[in-house]
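Asker: What follows is the file run.txt, containing compact mmCIF, C-alpha atoms and all ligand atoms:
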# COMPACT_ATOMS: atom_id res chain seq x y z
CA MET A 18 -19.28 8.46 24.87
CA ALA A 19 -18.65 7.15 28.38
CA GLU A 20 -16.78 9.42 30.77
CA GLN A 21 -13.13 8.48 30.54
CA SER A 22 -10.54 8.26 33.24
CA LEU A 23 -6.81 8.03 32.77
CA SER A 24 -4.64 5.66 34.84
CA VAL A 25 -0.93 6.30 35.18
CA PHE A 26 1.58 3.51 35.80
CA LYS A 27 5.10 4.90 36.09
CA THR A 28 8.17 2.95 35.10
CA THR A 29 10.60 1.72 37.74
CA SER A 30 13.59 1.67 35.38
CA TYR A 31 14.24 5.02 33.73
CA GLN A 32 16.50 4.97 30.69
CA GLU A 33 19.55 7.10 30.38
CA LYS A 34 18.73 9.88 27.92
CA PRO A 35 20.89 10.15 24.80
CA ASN A 36 22.93 13.26 24.10
CA ASP A 37 21.17 15.68 21.78
CA HIS A 38 23.87 15.38 19.11
CA GLU A 39 23.38 11.60 18.93
CA LEU A 40 19.71 11.84 17.96
CA SER A 41 18.47 10.95 14.52
CA PHE A 42 14.85 10.58 13.45
CA GLY A 43 12.61 8.01 15.09
CA ARG A 44 15.05 5.58 16.70
CA THR A 45 14.88 6.54 20.37
CA PHE A 46 11.69 6.28 22.43
CA THR A 47 10.84 7.71 25.83
CA ASP A 48 10.09 5.89 29.11
CA HIS A 49 6.30 5.96 28.85
CA MET A 50 3.54 5.60 26.30
CA PHE A 51 -0.22 6.06 26.18
CA LEU A 52 -2.60 3.22 25.38
CA MET A 53 -6.36 2.89 25.02
CA ASP A 54 -8.48 0.01 23.74
CA TYR A 55 -11.73 -0.28 21.85
CA SER A 56 -14.26 -3.07 21.95
CA GLU A 57 -17.84 -3.13 20.74
CA GLU A 58 -19.12 -3.69 24.30
CA SER A 59 -17.09 -0.97 26.04
CA GLY A 60 -16.26 1.55 23.29
CA TRP A 61 -12.90 3.28 23.84
CA HIS A 62 -11.79 2.36 27.35
CA ASP A 63 -8.91 1.60 29.68
CA ALA A 64 -6.96 4.77 28.89
CA ARG A 65 -3.57 4.44 30.53
CA ILE A 66 -0.04 5.76 30.56
CA THR A 67 2.35 2.84 31.06
CA PRO A 68 6.07 2.13 30.81
CA TYR A 69 7.16 1.96 27.13
CA GLN A 70 6.98 -1.71 26.22
CA PRO A 71 6.21 -4.14 23.36
CA LEU A 72 2.55 -4.91 22.67
CA GLN A 73 1.11 -8.38 22.86
CA VAL A 74 -0.87 -8.75 19.67
CA ASP A 75 -2.40 -11.90 18.21
CA PRO A 76 -0.71 -12.99 14.95
CA ALA A 77 -4.19 -13.10 13.41
CA ALA A 78 -4.81 -9.44 14.36
CA MET A 79 -6.43 -7.81 11.34
CA VAL A 80 -3.89 -4.99 11.11
CA PHE A 81 -1.21 -7.45 9.98
CA HIS A 82 -3.32 -8.84 7.17
CA TYR A 83 -5.41 -6.04 5.73
CA GLY A 84 -3.69 -2.92 7.02
CA GLN A 85 -6.60 -1.27 8.81
CA SER A 86 -4.64 1.36 10.75
CA VAL A 87 -4.11 5.11 10.93
CA PHE A 88 -1.50 7.38 12.45
CA GLU A 89 -0.63 11.00 13.17
CA GLY A 90 2.58 12.98 13.51
CA LEU A 91 3.14 16.14 15.56
CA LYS A 92 5.81 17.57 17.83
CA ALA A 93 6.35 19.03 21.30
CA TYR A 94 8.80 21.93 21.44
CA LEU A 95 10.55 23.52 24.41
CA SER A 96 10.18 27.29 24.81
CA PRO A 97 13.11 29.47 25.93
CA GLU A 98 11.48 29.44 29.42
CA GLY A 99 11.62 25.63 29.39
CA GLU A 100 7.89 25.13 28.88
CA PRO A 101 6.61 22.29 26.66
CA LEU A 102 4.57 23.60 23.70
CA LEU A 103 2.31 21.87 21.18
CA PHE A 104 1.55 23.28 17.72
CA ARG A 105 -2.14 23.04 16.69
CA PRO A 106 -2.62 19.58 18.24
CA GLN A 107 -6.42 19.81 17.90
CA LYS A 108 -5.92 19.73 14.11
CA ASN A 109 -4.02 16.46 14.33
CA LEU A 110 -6.70 14.88 16.49
CA GLN A 111 -9.42 16.07 14.11
CA ARG A 112 -7.49 14.59 11.22
CA LEU A 113 -6.99 11.34 13.16
CA ASN A 114 -10.77 11.04 13.32
CA GLN A 115 -11.10 11.88 9.61
CA SER A 116 -8.62 9.09 8.87
CA ASN A 117 -10.56 6.81 11.26
CA GLU A 118 -13.76 7.56 9.39
CA ARG A 119 -12.16 6.57 6.05
CA LEU A 120 -10.71 3.35 7.48
CA CYS A 121 -13.94 2.33 9.34
CA ILE A 122 -12.27 2.82 12.74
CA PRO A 123 -14.54 4.16 15.52
CA GLN A 124 -14.32 7.87 16.37
CA ILE A 125 -12.27 8.93 19.39
CA ASP A 126 -13.11 11.72 21.86
CA GLU A 127 -10.67 14.44 20.70
CA ASP A 128 -10.88 16.48 23.92
CA PHE A 129 -10.06 13.47 26.03
CA LEU A 130 -7.21 12.47 23.75
CA LEU A 131 -5.73 15.96 23.94
CA TYR A 132 -6.00 15.81 27.72
CA ALA A 133 -4.24 12.42 27.74
CA LEU A 134 -1.54 13.67 25.36
CA LYS A 135 -0.83 16.67 27.60
CA GLN A 136 -0.51 14.36 30.62
CA LEU A 137 1.93 12.16 28.70
CA ILE A 138 4.01 15.16 27.57
CA GLN A 139 4.00 16.51 31.11
CA ILE A 140 5.39 13.18 32.41
CA GLU A 141 8.00 13.01 29.62
CA LYS A 142 8.91 16.70 29.40
CA ASP A 143 12.54 16.06 30.35
CA TRP A 144 12.78 14.08 27.12
CA ILE A 145 12.21 17.17 24.98
CA PRO A 146 15.67 17.98 23.63
CA THR A 147 16.92 21.43 24.56
CA SER A 148 19.29 22.07 21.65
CA GLU A 149 18.37 24.41 18.80
CA GLY A 150 15.86 22.98 16.32
CA MET A 151 15.25 19.76 18.24
CA SER A 152 11.91 18.49 19.42
CA LEU A 153 9.92 15.53 20.75
CA TYR A 154 8.12 13.78 17.91
CA ILE A 155 4.66 12.45 18.87
CA ARG A 156 3.28 9.43 17.06
CA PRO A 157 -0.33 8.40 17.75
CA THR A 158 -1.33 5.17 15.95
CA VAL A 159 -4.50 3.10 15.88
CA ILE A 160 -4.33 -0.58 14.91
CA SER A 161 -7.06 -3.15 14.39
CA THR A 162 -6.56 -6.07 16.79
CA GLN A 163 -9.43 -8.51 16.31
CA PRO A 164 -7.96 -11.97 15.57
CA PHE A 165 -9.91 -12.74 12.40
CA LEU A 166 -8.97 -13.36 8.77
CA GLY A 167 -12.29 -12.31 7.28
CA VAL A 168 -12.30 -9.04 5.35
CA ALA A 169 -14.40 -6.63 7.41
CA PRO A 170 -13.82 -3.75 9.80
CA SER A 171 -12.29 -5.06 13.02
CA THR A 172 -14.37 -5.15 16.21
CA ASN A 173 -11.32 -4.31 18.38
CA TYR A 174 -8.64 -1.62 18.24
CA THR A 175 -5.70 -0.28 20.23
CA LEU A 176 -4.59 3.32 20.16
CA MET A 177 -1.04 4.08 21.24
CA ILE A 178 0.94 7.27 21.51
CA ILE A 179 4.70 6.96 21.57
CA LEU A 180 7.24 9.76 21.81
CA SER A 181 10.63 10.07 20.16
CA PRO A 182 13.19 12.83 20.74
CA VAL A 183 14.42 13.99 17.33
CA GLY A 184 17.39 15.99 16.16
CA ALA A 185 17.21 19.11 14.03
CA TYR A 186 15.97 18.22 10.54
CA TYR A 187 18.55 20.47 8.90
CA LYS A 188 21.84 19.92 10.64
CA GLU A 189 23.63 22.47 8.46
CA GLY A 190 20.79 24.91 7.95
CA ILE A 191 17.76 24.73 5.65
CA ASN A 192 18.88 23.13 2.40
CA PRO A 193 17.23 22.66 -1.04
CA VAL A 194 16.76 19.14 -2.40
CA LYS A 195 16.62 17.55 -5.85
CA ILE A 196 13.31 15.92 -6.80
CA ALA A 197 12.20 13.65 -9.67
CA VAL A 198 8.70 13.84 -11.16
CA GLU A 199 7.25 10.33 -10.79
CA ASN A 200 5.77 9.12 -14.07
CA ASP A 201 5.26 5.41 -13.39
CA TYR A 202 4.11 4.80 -9.85
CA VAL A 203 1.28 6.59 -8.06
CA ARG A 204 0.84 7.21 -4.33
CA ALA A 205 -2.91 7.51 -4.13
CA VAL A 206 -6.02 7.90 -6.25
CA ARG A 207 -9.19 9.89 -5.86
CA GLY A 208 -11.68 7.81 -3.95
CA GLY A 209 -8.79 5.89 -2.40
CA THR A 210 -7.10 6.56 0.92
CA GLY A 211 -4.71 9.38 -0.05
CA GLU A 212 -6.44 11.89 2.21
CA ALA A 213 -6.20 9.54 5.21
CA LYS A 214 -2.97 9.17 7.15
CA THR A 215 -2.74 5.41 6.84
CA GLY A 216 0.27 3.12 6.55
CA GLY A 217 -0.84 1.68 3.21
CA ASN A 218 -0.17 4.98 1.45
CA TYR A 219 3.41 4.85 2.68
CA ALA A 220 3.80 1.20 1.68
CA ALA A 221 2.61 2.18 -1.80
CA SER A 222 5.18 4.97 -2.01
CA LEU A 223 8.32 3.01 -1.13
CA LYS A 224 9.12 1.62 -4.58
CA ALA A 225 9.13 4.99 -6.30
CA GLN A 226 11.22 6.40 -3.49
CA GLU A 227 13.71 3.52 -3.80
CA VAL A 228 14.14 3.99 -7.55
CA ALA A 229 14.45 7.78 -7.21
CA ALA A 230 17.07 7.41 -4.47
CA GLN A 231 19.16 5.15 -6.75
CA ASP A 232 19.09 7.94 -9.33
CA GLY A 233 20.29 10.48 -6.77
CA TYR A 234 17.00 12.16 -5.89
CA ALA A 235 15.86 13.02 -2.38
CA GLN A 236 12.17 12.45 -3.13
CA VAL A 237 9.60 12.19 -5.90
CA LEU A 238 6.91 14.62 -6.99
CA TRP A 239 3.63 12.73 -7.16
CA LEU A 240 1.18 13.27 -9.98
CA ASP A 241 -2.50 12.28 -9.87
CA GLY A 242 -3.18 8.56 -10.18
CA VAL A 243 -5.37 8.68 -13.29
CA GLU A 244 -4.04 11.09 -15.88
CA LYS A 245 -0.60 11.57 -14.32
CA ARG A 246 -0.76 15.26 -15.13
CA TYR A 247 -1.95 17.02 -12.01
CA ILE A 248 0.62 17.79 -9.34
CA GLU A 249 -0.33 16.35 -5.94
CA GLU A 250 2.46 16.16 -3.35
CA VAL A 251 6.21 15.89 -2.93
CA GLY A 252 7.40 12.81 -0.99
CA SER A 253 5.27 12.89 2.14
CA MET A 254 4.86 16.66 2.05
CA ASN A 255 2.44 19.09 0.46
CA VAL A 256 3.88 21.27 -2.28
CA PHE A 257 3.88 25.00 -3.10
CA PHE A 258 5.09 26.97 -6.13
CA LYS A 259 5.58 30.68 -6.49
CA ILE A 260 4.54 31.47 -10.06
CA GLY A 261 4.83 35.17 -10.79
CA ASP A 262 2.80 36.93 -8.05
CA GLU A 263 0.79 33.86 -7.20
CA VAL A 264 1.61 31.21 -4.62
CA VAL A 265 -0.04 27.98 -5.78
CA THR A 266 -0.68 24.74 -3.92
CA PRO A 267 -2.73 21.86 -5.36
CA GLN A 268 -6.32 21.95 -4.14
CA LEU A 269 -7.49 19.10 -1.94
CA ASN A 270 -9.19 16.46 -4.05
CA GLY A 271 -9.42 13.36 -1.88
CA SER A 272 -6.03 11.94 -2.79
CA ILE A 273 -3.93 14.77 -1.32
CA LEU A 274 -3.21 14.73 2.41
CA ASN A 275 -4.61 17.79 4.16
CA GLY A 276 -1.40 18.96 5.83
CA ILE A 277 -1.45 21.17 8.91
CA THR A 278 1.83 22.77 7.85
CA ARG A 279 0.19 23.41 4.46
CA ASP A 280 -2.73 25.15 6.17
CA SER A 281 -0.37 27.12 8.43
CA ALA A 282 1.83 28.19 5.49
CA MET A 283 -1.23 29.42 3.57
CA ALA A 284 -2.45 31.38 6.61
CA LEU A 285 0.95 33.03 7.12
CA LEU A 286 1.40 33.85 3.42
CA ARG A 287 -2.06 35.44 3.27
CA HIS A 288 -1.32 37.31 6.52
CA TRP A 289 1.77 38.73 4.79
CA GLY A 290 -0.33 39.83 1.81
CA TYR A 291 0.56 37.16 -0.73
CA HIS A 292 -1.98 35.96 -3.26
CA VAL A 293 -2.35 32.27 -2.36
CA THR A 294 -4.47 29.94 -4.46
CA GLU A 295 -5.50 26.32 -4.02
CA ARG A 296 -6.12 25.08 -7.52
CA VAL A 297 -5.32 22.31 -9.95
CA ILE A 298 -1.91 22.67 -11.52
CA THR A 299 -0.53 20.32 -14.14
CA ILE A 300 3.10 19.42 -14.62
CA ASP A 301 2.80 20.84 -18.19
CA GLU A 302 1.65 24.21 -16.86
CA LEU A 303 4.50 24.25 -14.37
CA TYR A 304 7.05 23.53 -17.09
CA THR A 305 5.56 26.11 -19.46
CA GLU A 306 5.69 28.75 -16.71
CA TYR A 307 9.20 27.64 -15.85
CA GLU A 308 10.35 28.15 -19.44
CA LYS A 309 8.90 31.65 -19.33
CA GLY A 310 10.97 32.30 -16.21
CA ASN A 311 7.91 32.62 -13.98
CA VAL A 312 8.49 29.83 -11.45
CA LEU A 313 10.43 31.61 -8.75
CA GLU A 314 10.31 29.11 -5.89
CA ALA A 315 9.17 25.62 -4.99
CA PHE A 316 8.99 24.00 -1.55
CA GLY A 317 7.36 21.21 0.43
CA THR A 318 5.58 21.54 3.80
CA GLY A 319 5.22 18.97 6.58
CA THR A 320 5.73 18.49 10.30
CA ALA A 321 9.10 16.71 10.06
CA ALA A 322 11.03 19.42 8.19
CA ALA A 323 8.47 22.27 8.43
CA ILE A 324 9.61 23.67 5.06
CA SER A 325 11.74 21.85 2.52
CA PRO A 326 12.91 23.96 -0.44
CA ILE A 327 13.11 22.27 -3.84
CA GLY A 328 16.26 23.29 -5.66
CA GLN A 329 15.77 21.18 -8.76
CA LEU A 330 12.87 19.25 -10.27
CA ASP A 331 13.55 16.80 -13.11
CA TRP A 332 10.67 15.76 -15.37
CA GLY A 333 12.20 13.07 -17.53
CA HIS A 334 14.96 14.93 -19.35
CA LYS A 335 13.46 18.34 -18.62
CA GLU A 336 15.26 20.01 -15.75
CA MET A 337 13.81 22.82 -13.70
CA VAL A 338 16.11 24.73 -11.36
CA PHE A 339 14.38 27.13 -8.98
CA ASN A 340 16.00 30.22 -7.48
CA ASN A 341 19.44 29.04 -8.69
CA GLY A 342 19.07 25.95 -6.54
CA GLU A 343 19.11 28.07 -3.39
CA THR A 344 16.55 28.55 -0.63
CA GLY A 345 14.11 31.25 -1.69
CA HIS A 346 12.66 34.12 0.37
CA LEU A 347 9.25 32.55 0.90
CA ALA A 348 10.69 29.23 2.05
CA LYS A 349 13.15 30.97 4.35
CA ASN A 350 10.58 33.33 5.85
CA LEU A 351 8.03 30.57 6.35
CA TYR A 352 10.64 28.33 7.92
CA ASP A 353 11.90 31.00 10.32
CA THR A 354 8.38 32.08 11.25
CA LEU A 355 7.02 28.58 11.80
CA MET A 356 10.03 27.62 13.91
CA GLY A 357 9.79 30.90 15.82
CA ILE A 358 6.11 30.30 16.62
CA GLN A 359 6.55 26.61 17.40
CA TYR A 360 9.35 27.29 19.88
CA GLY A 361 7.46 30.19 21.48
CA LYS A 362 10.12 32.70 20.43
CA ILE A 363 7.99 35.08 18.39
CA ASP A 364 4.44 36.42 18.35
CA ASP A 365 1.80 33.77 17.57
CA PRO A 366 -0.85 35.80 15.70
CA PHE A 367 -3.21 32.85 15.19
CA ASP A 368 -2.96 31.33 18.72
CA TRP A 369 -1.60 28.11 17.29
CA VAL A 370 0.58 27.15 20.23
CA ILE A 371 -0.59 25.45 23.44
CA ASN A 372 1.52 25.58 26.58
CA VAL A 373 1.23 22.11 28.10
CA ASN A 374 2.06 23.36 31.62
CA THR A 375 -0.72 25.92 31.84
CA ALA A 376 -3.27 23.83 30.00
CA VAL A 377 -2.65 20.54 31.78
CA SER A 378 -4.55 21.22 35.02
CA THR A 379 -7.87 21.88 33.30
CA LYS A 380 -9.40 18.59 32.25
CA VAL A 381 -11.60 19.16 29.25
CA SER A 382 -14.82 17.19 28.64
C1 LIG A 401 1.57 13.86 7.11
C2 LIG A 401 1.63 14.13 5.66
C3 LIG A 401 1.81 15.43 5.13
C4 LIG A 401 2.10 16.64 5.99
O1 LIG A 401 1.13 16.91 6.95
P1 LIG A 401 1.49 17.87 8.17
O2 LIG A 401 0.21 17.92 8.93
O3 LIG A 401 1.86 19.18 7.59
O4 LIG A 401 2.61 17.23 8.90
C5 LIG A 401 1.77 15.60 3.77
N1 LIG A 401 1.60 14.56 2.93
C6 LIG A 401 1.44 13.30 3.39
C7 LIG A 401 1.26 12.19 2.41
C8 LIG A 401 1.46 13.04 4.75
O5 LIG A 401 1.31 11.78 5.20
If you took the structure in this file and wrote it as structure tokens, what would it be?
Ligand SMILES: *Cc1c(COP(=O)(O)O)cnc(C)c1O

Answerer:
Amino acid sequence: MAEQSLSVFKTTSYQEKPNDHELSFGRTFTDHMFLMDYSEESGWHDARITPYQPLQVDPAAMVFHYGQSVFEGLKAYLSPEGEPLLFRPQKNLQRLNQSNERLCIPQIDEDFLLYALKQLIQIEKDWIPTSEGMSLYIRPTVISTQPFLGVAPSTNYTLMIILSPVGAYYKEGINPVKIAVENDYVRAVRGGTGEAKTGGNYAASLKAQEVAAQDGYAQVLWLDGVEKRYIEEVGSMNVFFKIGDEVVTPQLNGSILNGITRDSAMALLRHWGYHVTERVITIDELYTEYEKGNVLEAFGTGTAAAISPIGQLDWGHKEMVFNNGETGHLAKNLYDTLMGIQYGKIDDPFDWVINVNTAVSTKVS
């Protein structure tokens, strides 16, 4: 890959920053963004940080018609010393390339992209909210831009990284939610794109989410797309159950997204001495164990909420209530520990956190 350089064009009209308490998820964007283009002749090129602005994209651009696109989601956190921190960003960039591979999008130099991301965060560090539990959400996205209506991988792409200051996920403390087992719709199938972070998976999930919301549920629990027996994910999070002494999460099978919070939760649980297994688990097994009184906790994992306890899971008319509908010990400990590490407040035994200030001067690759 050609040696990359990064141009920086600063804005001349800085926005007024919102108050922390006004922030909700994903509605406010910072002053700058990162862009880079791909063409067959030049590969990935023209890496630049520019003022945040609309894109000019041809209406025939392939992304609008056939959905060839991928994205990522991670956060920058402010340490008590006021230093911007990133949590395992290399994992997100690796996964971006895994998603690219599935969607026939050309690979991107991960070291260069991390370098560019750190420069962007450095420029926008005053946008990281300072209040408890708040952070700067980072959204890298790749879209296919070739103006062509034929069905084929695009010859041109644009990668953008935009930043959005976000409020605390739990405004009144970590809180269990009510979930419905989804028996009609499926999110993804083996051999499909479930393991890639691509918009189409989200488009496919909206209907089930809409119906569940009408019935008073926060999210759905997804079963596998073929037999509708095997538990896969909860909403757009990975899922864990404490069954007796075992902590179970569905094993990756091609239709489950390989979550970084999932991986981090498994590492912490094992570090604490829990018996963690990645295996297939059916909804029947879960219910049978529940009836025996063995299902002690259930929770989801993902970047947005970190940990989301499941208070109640309804499978048709069968209701499962976990830990009296309250946040369990595992969920609470994982939540506190992940937040502590991400905000640089406690020991980071796995060296997950990167300090953008100290790392920014050394250009990798
Ligand atoms: C992003 C995502 C997750 C969570 O991944 P993290 O890396 O933990 O944020 C889980 N499931 C789906 C479907 C996702 O898109």

Asker: Counting all atoms listed in the file, what are the residues, protein, DNA or RNA alike, that approach ligand LIG 401 (chain A) to within 9 Å? I want them as number ranges by chain.

Answerer: A: 88-91, 108-109, 112, 204, 211-216, 218-219, 250-256, 272-281, 317-323

Asker: May I have the residues within 7 Å of region 92-101 of chain A as a PyMOL selection string, using all atoms listed in the file and disregarding those fewer than 5 positions away in the same chain?

Answerer: chain A and resi 142+145+147+152-155+359-362+372-374

Asker: Quote the spacing between CA of Gln107 (chain A) and CA of Trp61 (chain A) in Å to one decimal place.

Answerer: 18.7 Å

Asker: Neighbourhood query: residues within 9 Å of (-2.4, 0.8, 16.6), file coordinates, counting all atoms listed in the file; return as a PyMOL selection string.

Answerer: chain A and resi 80+86-88+157-162+174-178

Asker: By how many Å are CA of Gly342 (chain A) and CA of Ala197 (chain A) apart?

Answerer: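 Separation between CA of Gly342 (chain A) and CA of Ala197 (chain A): 14.4 Å.
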
Asker: Would you pick out the contacts of Asn341 (chain A) at 10 Å or less, using all atoms listed in the file, so that residues sharing its chain but fewer than 6 positions from it are not included, and give the list as a list of chain:residue names?

Answerer: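 Close residues of Asn341 (chain A): A:Leu313, A:Glu314, A:Gly328, A:Gln329.
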
Asker: For each of A:Ala225, A:Ile66, A:Met53, A:Leu286, take the minimum atom-to-atom distance to Phe26 (chain A), counting all atoms listed in the file, then give the residue where this is smallest.

Answerer: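 Closest candidate: A:Ile66.
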
Asker: May I have the protein, DNA and RNA residues with any atom at most 9 Å from the point (16.4, 11.4, 18.8), counting all atoms listed in the file, written as number ranges by chain?

Answerer: A: 35-46, 146, 151-154, 181-184

Asker: Could you give me the centre and size, in Å to one decimal, of an axis-aligned box around all listed atoms of region 20-24 of chain A with 4 Å added on every side, as JSON?

Answerer:
{"center_x": -10.7, "center_y": 7.5, "center_z": 32.7, "size_x": 20.1, "size_y": 11.8, "size_z": 12.3}

Asker: With all atoms listed in the file as the atoms that count, which of A:Tyr83, A:Phe51, A:Phe129, A:Phe316 lies nearest to Tyr69 (chain A)?

Answerer: A:Phe51

Asker: Can you list, as a PyMOL selection string, every protein, DNA or RNA residue that comes within 10 Å of Val312 (chain A) when you count only C-alpha atoms, leaving out same-chain residues fewer than 4 positions away?

Answerer: chain A and resi 258-264+303-308+337-340

Asker: Could you tell me which of A:His288, A:Lys188, A:Arg296, A:Arg119 comes closest to Leu351 (chain A) if we count all atoms listed in the file?

Answerer: A:His288

Asker: Rounded to one decimal in Å, what is the spacing between CA of Gln136 (chain A) and CA of Leu120 (chain A)?

Answerer: 27.6 Å
